[in-house]
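What follows is data.csv (CSV, C-alpha atoms).
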```
chain,number,residue,atom,x,y,z
A,1,MET,CA,0.0,0.0,0.0
A,2,ALA,CA,2.8,2.4,0.7
A,3,ALA,CA,4.3,1.7,-2.7
A,4,GLN,CA,0.9,2.2,-4.4
A,5,LEU,CA,0.1,5.5,-2.6
A,6,ILE,CA,3.5,7.3,-2.3
A,7,ASP,CA,3.1,9.3,-5.5
A,8,GLU,CA,-0.5,10.5,-5.0
A,9,ASP,CA,-0.7,10.6,-1.2
A,10,PRO,CA,2.7,10.4,0.5
A,11,GLU,CA,1.3,11.1,4.0
A,12,ARG,CA,-1.1,8.1,3.8
A,13,ALA,CA,1.7,6.0,2.3
A,14,HIS,CA,3.8,6.9,5.3
A,15,GLN,CA,1.1,5.8,7.7
A,16,HIS,CA,1.0,2.4,6.1
A,17,ALA,CA,4.8,2.2,6.4
A,18,LEU,CA,4.6,3.1,10.0
A,19,ALA,CA,2.0,0.5,10.6
A,20,ALA,CA,4.3,-2.1,9.0
A,21,SER,CA,7.1,-0.8,11.2
A,22,ARG,CA,5.1,-1.4,14.4
A,23,ARG,CA,4.7,-5.0,13.4
A,24,ALA,CA,8.0,-5.8,11.8
A,25,GLY,CA,10.5,-3.1,12.8
A,26,ARG,CA,13.5,-5.3,12.4
A,27,VAL,CA,12.8,-6.1,8.7
A,28,ALA,CA,15.1,-4.1,6.5
A,29,VAL,CA,12.6,-3.4,3.7
A,30,VAL,CA,10.1,-2.1,6.3
A,31,ARG,CA,12.5,0.5,7.6
A,32,GLU,CA,13.5,1.4,4.1
A,33,SER,CA,9.8,2.0,3.3
A,34,VAL,CA,9.4,4.3,6.4
A,35,ALA,CA,12.5,6.2,5.2
A,36,ILE,CA,11.3,6.6,1.6
A,37,THR,CA,7.9,7.8,2.6
A,38,ALA,CA,9.3,10.2,5.2
A,39,TYR,CA,11.6,11.6,2.5
A,40,ALA,CA,8.6,12.0,0.2
A,41,MET,CA,6.9,14.0,2.9
A,42,GLY,CA,9.9,16.2,3.4
A,43,ASP,CA,10.7,14.8,6.9
A,44,PHE,CA,14.4,14.5,6.2
A,45,ALA,CA,15.5,14.0,9.8
A,46,LEU,CA,13.3,10.9,10.1
A,47,ALA,CA,14.3,9.7,6.6
A,48,LEU,CA,18.0,9.9,7.7
A,49,ARG,CA,17.4,8.0,10.9
A,50,GLU,CA,15.4,5.3,9.1
A,51,LEU,CA,17.9,5.1,6.2
A,52,ARG,CA,20.8,4.5,8.6
A,53,THR,CA,18.8,1.8,10.4
A,54,TYR,CA,18.0,0.2,7.1
A,55,ARG,CA,21.7,0.3,6.1
A,56,ARG,CA,22.7,-1.2,9.5
A,57,ILE,CA,20.2,-4.1,9.2
A,58,SER,CA,20.7,-4.9,5.5
A,59,GLY,CA,24.4,-4.1,5.2
A,60,SER,CA,23.6,-2.4,1.9
A,61,ASP,CA,24.6,1.0,0.5
A,62,ASP,CA,21.9,1.0,-2.2
A,63,GLN,CA,20.1,4.0,-0.6
A,64,ILE,CA,23.2,6.1,-0.3
A,65,ALA,CA,21.9,8.7,-2.8
A,66,LEU,CA,18.8,9.2,-0.6
A,67,ILE,CA,21.0,9.6,2.4
A,68,VAL,CA,23.0,12.3,0.6
A,69,ASP,CA,19.8,14.0,-0.5
A,70,SER,CA,18.4,13.9,3.0
A,71,GLU,CA,21.5,15.6,4.3
A,72,ARG,CA,21.0,18.2,1.7
A,73,GLY,CA,17.4,18.6,2.8
A,74,MET,CA,18.7,19.2,6.3
A,75,GLY,CA,20.8,22.1,4.9
A,76,ARG,CA,24.1,20.2,5.3
A,77,PRO,CA,25.7,19.9,1.9
A,78,ASP,CA,29.2,19.3,3.5
A,79,ARG,CA,27.8,16.3,5.4
A,80,ALA,CA,26.1,15.1,2.2
A,81,LEU,CA,29.4,15.1,0.3
A,82,GLU,CA,31.1,13.3,3.3
A,83,GLU,CA,28.5,10.6,3.2
A,84,ALA,CA,28.9,10.2,-0.6
A,85,ARG,CA,32.7,9.8,-0.3
A,86,SER,CA,32.3,7.2,2.5
A,87,VAL,CA,31.2,4.5,0.0
A,88,ASP,CA,33.0,2.6,-2.7
A,89,ARG,CA,31.1,3.9,-5.8
A,90,SER,CA,32.6,1.3,-8.1
A,91,ALA,CA,30.9,-1.4,-6.0
A,92,LEU,CA,27.4,0.2,-6.3
A,93,PRO,CA,24.8,-1.0,-8.9
A,94,THR,CA,24.7,1.3,-11.9
A,95,PRO,CA,21.3,2.9,-11.0
A,96,THR,CA,22.5,3.6,-7.5
A,97,ARG,CA,25.8,5.0,-8.8
A,98,VAL,CA,24.0,7.4,-11.2
A,99,ALA,CA,21.6,8.5,-8.5
A,100,LEU,CA,24.6,9.2,-6.2
A,101,ALA,CA,26.3,11.3,-8.9
A,102,ILE,CA,23.1,13.4,-9.2
A,103,ALA,CA,22.8,13.8,-5.5
A,104,MET,CA,26.5,14.9,-5.2
A,105,SER,CA,26.0,17.4,-8.1
A,106,GLY,CA,23.1,18.8,-6.1
A,107,ALA,CA,25.2,19.2,-3.0
A,108,ARG,CA,27.8,21.0,-5.1
A,109,LEU,CA,25.1,23.4,-6.3
A,110,ASP,CA,24.1,24.0,-2.7
A,111,ARG,CA,27.7,25.1,-2.1
A,112,GLY,CA,27.7,27.3,-5.2
A,113,GLU,CA,30.3,25.1,-6.9
A,114,LEU,CA,28.8,25.1,-10.3
A,115,GLU,CA,31.8,23.7,-12.3
A,116,LEU,CA,32.3,20.9,-9.7
A,117,ALA,CA,28.5,20.2,-9.9
A,118,LEU,CA,28.9,19.7,-13.6
A,119,GLY,CA,32.0,17.5,-13.1
A,120,GLU,CA,30.1,15.2,-10.8
A,121,LEU,CA,27.8,14.3,-13.7
A,122,GLU,CA,30.7,13.5,-16.1
A,123,ILE,CA,30.2,9.7,-15.8
A,124,PRO,CA,30.2,6.9,-18.4
A,125,GLU,CA,26.4,6.6,-18.2
A,126,LEU,CA,26.0,10.1,-19.6
A,127,ASN,CA,25.2,9.0,-23.2
A,128,PRO,CA,22.7,11.1,-25.1
A,129,ASP,CA,22.0,8.4,-27.6
A,130,LEU,CA,20.9,5.7,-25.2
A,131,ALA,CA,18.1,5.7,-22.7
A,132,PHE,CA,18.3,3.6,-19.5
A,133,GLU,CA,16.0,3.8,-16.5
A,134,TRP,CA,18.3,6.4,-15.0
A,135,SER,CA,18.9,8.5,-18.1
A,136,PRO,CA,16.0,11.1,-17.9
A,137,ALA,CA,17.0,12.2,-14.4
A,138,LEU,CA,20.7,12.3,-15.3
A,139,PHE,CA,20.1,14.4,-18.5
A,140,ASP,CA,17.8,16.7,-16.5
A,141,ALA,CA,20.4,17.2,-13.8
A,142,ARG,CA,23.0,18.1,-16.4
A,143,ALA,CA,20.6,20.6,-18.0
A,144,THR,CA,19.9,22.2,-14.7
A,145,VAL,CA,23.6,22.8,-14.0
A,146,LEU,CA,24.2,24.1,-17.5
A,147,GLU,CA,21.4,26.6,-17.0
A,148,ASP,CA,22.9,27.8,-13.8
A,149,LEU,CA,26.2,28.2,-15.7
A,150,GLY,CA,24.4,30.3,-18.3
A,151,ARG,CA,25.1,27.7,-21.1
A,152,THR,CA,21.5,27.8,-22.3
A,153,ASP,CA,22.0,26.1,-25.7
A,154,GLU,CA,23.7,23.1,-24.1
A,155,ALA,CA,21.1,23.0,-21.4
A,156,ALA,CA,18.3,23.0,-24.1
A,157,PHE,CA,20.0,20.0,-25.8
A,158,TRP,CA,20.1,17.9,-22.6
A,159,ARG,CA,16.6,18.9,-21.6
A,160,GLU,CA,15.4,17.7,-25.0
A,161,ARG,CA,17.4,14.5,-24.6
A,162,ALA,CA,15.7,14.0,-21.2
A,163,GLU,CA,12.3,14.3,-22.8
A,164,VAL,CA,13.1,11.9,-25.6
A,165,ALA,CA,14.6,9.4,-23.2
A,166,SER,CA,11.5,9.6,-21.0
A,167,ALA,CA,9.2,9.0,-23.9
A,168,ALA,CA,11.3,6.1,-25.2
A,169,LEU,CA,11.1,4.5,-21.8
A,170,GLY,CA,7.3,4.9,-21.7
A,171,HIS,CA,7.4,7.2,-18.6
A,172,GLY,CA,4.0,8.8,-18.1
A,173,ASP,CA,2.3,6.5,-20.6
A,174,ASP,CA,-1.0,5.6,-18.9
A,175,ASP,CA,-2.7,4.2,-22.0
A,176,GLU,CA,-4.9,1.2,-21.3
A,177,MET,CA,-3.6,-2.1,-22.6
A,178,ILE,CA,-6.2,-3.8,-24.7
A,179,ILE,CA,-6.1,-7.6,-24.7
A,180,GLU,CA,-8.0,-9.5,-27.3
A,181,ASP,CA,-9.2,-13.1,-27.0
A,182,ALA,CA,-7.0,-15.4,-29.1
A,183,TYR,CA,-9.7,-18.1,-29.5
A,184,GLU,CA,-12.1,-18.2,-32.4
A,185,ASP,CA,-15.5,-19.8,-32.7
A,186,LEU,CA,-15.2,-23.4,-33.9
A,187,PRO,CA,-17.1,-24.4,-37.0
A,188,ASP,CA,-20.1,-26.7,-36.7
A,189,ASP,CA,-19.2,-28.9,-39.6
A,190,PRO,CA,-18.1,-32.3,-38.2
A,191,GLN,CA,-15.9,-32.8,-41.3
A,192,SER,CA,-13.8,-29.7,-40.4
A,193,GLY,CA,-11.8,-31.4,-37.7
A,194,ASP,CA,-13.8,-30.0,-34.8
A,195,PRO,CA,-12.4,-31.6,-31.7
A,196,GLN,CA,-15.9,-31.8,-30.4
A,197,SER,CA,-17.1,-33.9,-33.4
A,198,GLY,CA,-14.9,-36.9,-32.4
A,199,ASP,CA,-12.8,-36.5,-35.5
A,200,PRO,CA,-9.5,-35.2,-34.2
A,201,GLN,CA,-7.3,-32.8,-36.2
A,202,THR,CA,-4.2,-34.2,-37.7
A,203,ASP,CA,-0.8,-32.8,-36.7
A,204,ASP,CA,-0.6,-31.0,-40.1
A,205,ASP,CA,-3.9,-29.2,-39.5
A,206,ALA,CA,-3.4,-28.5,-35.8
A,207,ALA,CA,-3.3,-24.9,-34.7
A,208,PRO,CA,-0.6,-23.8,-32.2
A,209,ALA,CA,-1.7,-24.7,-28.7
A,210,VAL,CA,-2.7,-21.8,-26.5
A,211,PRO,CA,-2.8,-22.5,-22.8
A,212,ALA,CA,-6.1,-21.8,-21.1
A,213,GLY,CA,-6.3,-18.2,-20.0
A,214,ASP,CA,-3.6,-16.9,-22.4
A,215,SER,CA,-4.4,-14.1,-24.9
A,216,ALA,CA,-2.9,-12.5,-27.9
A,217,VAL,CA,-1.1,-9.2,-27.2
A,218,ASP,CA,0.1,-6.8,-29.9
A,219,ASP,CA,3.8,-7.2,-30.7
A,220,SER,CA,4.6,-3.7,-29.6
A,221,VAL,CA,3.1,-4.4,-26.2
A,222,VAL,CA,5.2,-7.6,-25.8
A,223,GLU,CA,8.4,-5.7,-26.7
A,224,GLU,CA,7.4,-3.0,-24.1
A,225,GLN,CA,6.9,-5.7,-21.5
A,226,ARG,CA,10.2,-7.3,-22.3
A,227,ALA,CA,11.9,-3.9,-21.9
A,228,GLU,CA,10.2,-3.4,-18.5
A,229,ALA,CA,11.3,-6.8,-17.4
A,230,ASP,CA,14.9,-5.9,-18.2
A,231,PRO,CA,15.4,-2.3,-16.9
A,232,ALA,CA,19.1,-2.4,-17.7
A,233,GLY,CA,18.3,-2.7,-21.4
A,234,PRO,CA,18.6,0.6,-23.2
A,235,ALA,CA,16.3,2.3,-25.7
A,236,VAL,CA,18.3,3.5,-28.6
A,237,LEU,CA,17.6,7.2,-29.1
A,238,ALA,CA,19.8,7.9,-32.1
A,239,SER,CA,19.0,6.6,-35.5
A,240,GLU,CA,21.5,3.7,-35.7
A,241,ASP,CA,21.3,0.3,-37.4
A,242,ALA,CA,21.2,-2.8,-35.2
A,243,GLU,CA,25.0,-3.4,-35.4
A,244,ASP,CA,25.8,0.1,-34.3
A,245,ALA,CA,23.3,-0.2,-31.4
A,246,GLU,CA,24.9,-3.4,-30.3
A,247,ARG,CA,28.3,-1.7,-30.3
A,248,ALA,CA,26.8,1.2,-28.3
A,249,GLU,CA,25.5,-1.2,-25.7
```
Can I see the file as structure tokens?
Amino acid sequence: MAAQLIDEDPERAHQHALAASRRAGRVAVVRESVAITAYAMGDFALALRELRTYRRISGSDDQIALIVDSERGMGRPDRALEEARSVDRSALPTPTRVALAIAMSGARLDRGELELALGELEIPELNPDLAFEWSPALFDARATVLEDLGRTDEAAFWRERAEVASAALGHGDDDEMIIEDAYEDLPDDPQSGDPQSGDPQTDDDAAPAVPAGDSAVDDSVVEEQRAEADPAGPAVLASEDAEDAERAE
């Protein structure tokens, strides 16, 4: 429930997370949920406390970017940068490493260090021709720093790349999926091979078996579902042929 409500009603989501914490306060994901919902409400002190508890229970640094951002929310960019430097970034999963770079860039902006803020975003994942799950936020962060530096043309380019990446990844696409029944009415002619007529179809005539409950989905929907199942897979934004795309990956 916390996950379902956090975007539309963070306060209610937080109440669900607290209810879970009262029942299972020693479970890492529960404390993580309390932290994330507290952060969404702007309660950065509580978010920090819960994030540190989560890290202690789980032994994981995968929420380090949220810790850094919570320190920023407390008005402590110096502490934020110290927290960021306390972890081995090379050991972090790629989405976490990118999120940390964005958070560190924000801390640099808080300190008025614009060039250093831009430098924090100079990471291998900054590829304008490929869209991964982290790309829109990374491109947007770079555009923001470039705007602060007065480099408006470059900022416009990265802002446009962020929009293209978001569209390529299907962010904000709330279109309803339409699923059509794959089964067709069987003919009444007993000579047609109707299974109900007692004259079974031969192997040559048999239609592909469809398990009960399955349905046909448009190929584009299938590809979209495959992309969602593999968030690390990029969407190619540039007009490249398949071989070039493979080299880019």
Need to verify the contact set: Leu109 (chain A), 12 Å, only C-alpha atoms, exclusion of same-chain residues closer than 2 positions in sequence. Can you return it as a PyMOL selection string?
chain A and resi 72+77-78+80-81+102-107+111-120+141-142+144-149
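Taking CA of Ala101 (chain A) and CA of Leu66 (chain A) as the two end points, the separation is 11.4 Å.
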Work out how far apart CA of Leu92 (chain A) and CA of Ile123 (chain A) are and give it in Å to one decimal.
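So the answer is 13.7 Å.
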Shell around Thr96 (chain A) at 10 Å using all atoms listed in the file, local window under 6 positions removed, as a list in words:
Asp61, Asp62, Gln63, Ile64, Ala65, Leu66, Arg89, Ile102 and Trp134 of chain A
Would you please work out which residue, of A:Arg97, A:Ala47, A:Tyr39, A:Arg23, is nearest to Arg85 (chain A) when using all atoms listed in the file?
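Nearest candidate to Arg85 (chain A) out of A:Arg97, A:Ala47, A:Tyr39, A:Arg23: A:Arg97.
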Between A:Thr37, A:Leu51, A:Thr152, A:Ser21, which has the minimum distance to Gln4 (chain A) (counting all atoms listed in the file)?
A:Thr37
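Distance check against Glu71 (chain A) using all atoms listed in the file: of A:Arg55, A:Asp129, A:Pro95, A:Asp110, the minimum falls on A:Asp110.
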Between CA of Ala19 (chain A) and CA of Phe44 (chain A) - distance in Å to one decimal:
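Going from CA of Phe44 (chain A) over to CA of Ala19 (chain A) covers 19.2 Å.
The residue set within 7 Å of Val30 (chain A), counting only C-alpha atoms and dropping same-chain residues fewer than 6 places from it, reads Ala17, Ala20, Ser21 and Ala24 of chain A.
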Could you rebuild region 85-103 of chain A with N, CA, C and O atoms and give it back as a compact mmCIF listing (two decimals), in the frame of the given file?
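In the end it all went to part-v6.txt:
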```txt
# COMPACT_ATOMS: atom_id res chain seq x y z
N ARG A 85 31.28 10.29 -0.13
CA ARG A 85 32.70 9.80 -0.30
C ARG A 85 32.95 8.62 0.64
O ARG A 85 34.01 8.01 0.52
N SER A 86 32.02 8.28 1.52
CA SER A 86 32.30 7.20 2.50
C SER A 86 32.03 5.81 1.86
O SER A 86 32.31 4.80 2.50
N VAL A 87 31.50 5.75 0.65
CA VAL A 87 31.20 4.50 0.00
C VAL A 87 32.09 4.25 -1.19
O VAL A 87 32.59 5.21 -1.80
N ASP A 88 32.27 3.01 -1.54
CA ASP A 88 33.00 2.60 -2.70
C ASP A 88 32.05 2.69 -3.92
O ASP A 88 31.25 1.77 -4.12
N ARG A 89 32.12 3.75 -4.70
CA ARG A 89 31.10 3.90 -5.80
C ARG A 89 31.27 2.83 -6.84
O ARG A 89 30.29 2.48 -7.50
N SER A 90 32.47 2.31 -7.04
CA SER A 90 32.60 1.30 -8.10
C SER A 90 31.92 -0.02 -7.70
O SER A 90 31.66 -0.85 -8.58
N ALA A 91 31.59 -0.19 -6.42
CA ALA A 91 30.90 -1.40 -6.00
C ALA A 91 29.38 -1.26 -6.02
O ALA A 91 28.66 -2.24 -5.77
N LEU A 92 28.89 -0.08 -6.33
CA LEU A 92 27.40 0.20 -6.30
C LEU A 92 26.82 -0.31 -7.64
O LEU A 92 27.46 -0.25 -8.70
N PRO A 93 25.56 -0.74 -7.61
CA PRO A 93 24.80 -1.00 -8.90
C PRO A 93 24.75 0.26 -9.68
O PRO A 93 24.75 1.38 -9.14
N THR A 94 24.68 0.11 -10.99
CA THR A 94 24.70 1.30 -11.90
C THR A 94 23.60 2.30 -11.54
O THR A 94 23.89 3.50 -11.44
N PRO A 95 22.33 1.90 -11.35
CA PRO A 95 21.30 2.90 -11.00
C PRO A 95 21.64 3.68 -9.75
O PRO A 95 21.41 4.89 -9.67
N THR A 96 22.18 2.98 -8.75
CA THR A 96 22.50 3.60 -7.50
C THR A 96 23.70 4.61 -7.71
O THR A 96 23.72 5.72 -7.16
N ARG A 97 24.68 4.19 -8.50
CA ARG A 97 25.80 5.00 -8.80
C ARG A 97 25.43 6.32 -9.51
O ARG A 97 25.92 7.41 -9.21
N VAL A 98 24.50 6.18 -10.45
CA VAL A 98 24.00 7.40 -11.20
C VAL A 98 23.24 8.29 -10.25
O VAL A 98 23.42 9.51 -10.27
N ALA A 99 22.36 7.71 -9.43
CA ALA A 99 21.60 8.50 -8.50
C ALA A 99 22.52 9.25 -7.51
O ALA A 99 22.27 10.40 -7.14
N LEU A 100 23.61 8.60 -7.11
CA LEU A 100 24.60 9.20 -6.20
C LEU A 100 25.26 10.39 -6.89
O LEU A 100 25.47 11.45 -6.28
N ALA A 101 25.62 10.22 -8.15
CA ALA A 101 26.30 11.30 -8.90
C ALA A 101 25.33 12.53 -8.97
O ALA A 101 25.77 13.68 -8.82
N ILE A 102 24.05 12.29 -9.19
CA ILE A 102 23.10 13.40 -9.20
C ILE A 102 22.96 14.08 -7.89
O ILE A 102 22.93 15.31 -7.80
N ALA A 103 22.92 13.28 -6.82
CA ALA A 103 22.80 13.80 -5.50
C ALA A 103 24.06 14.66 -5.13
O ALA A 103 23.97 15.74 -4.53
```
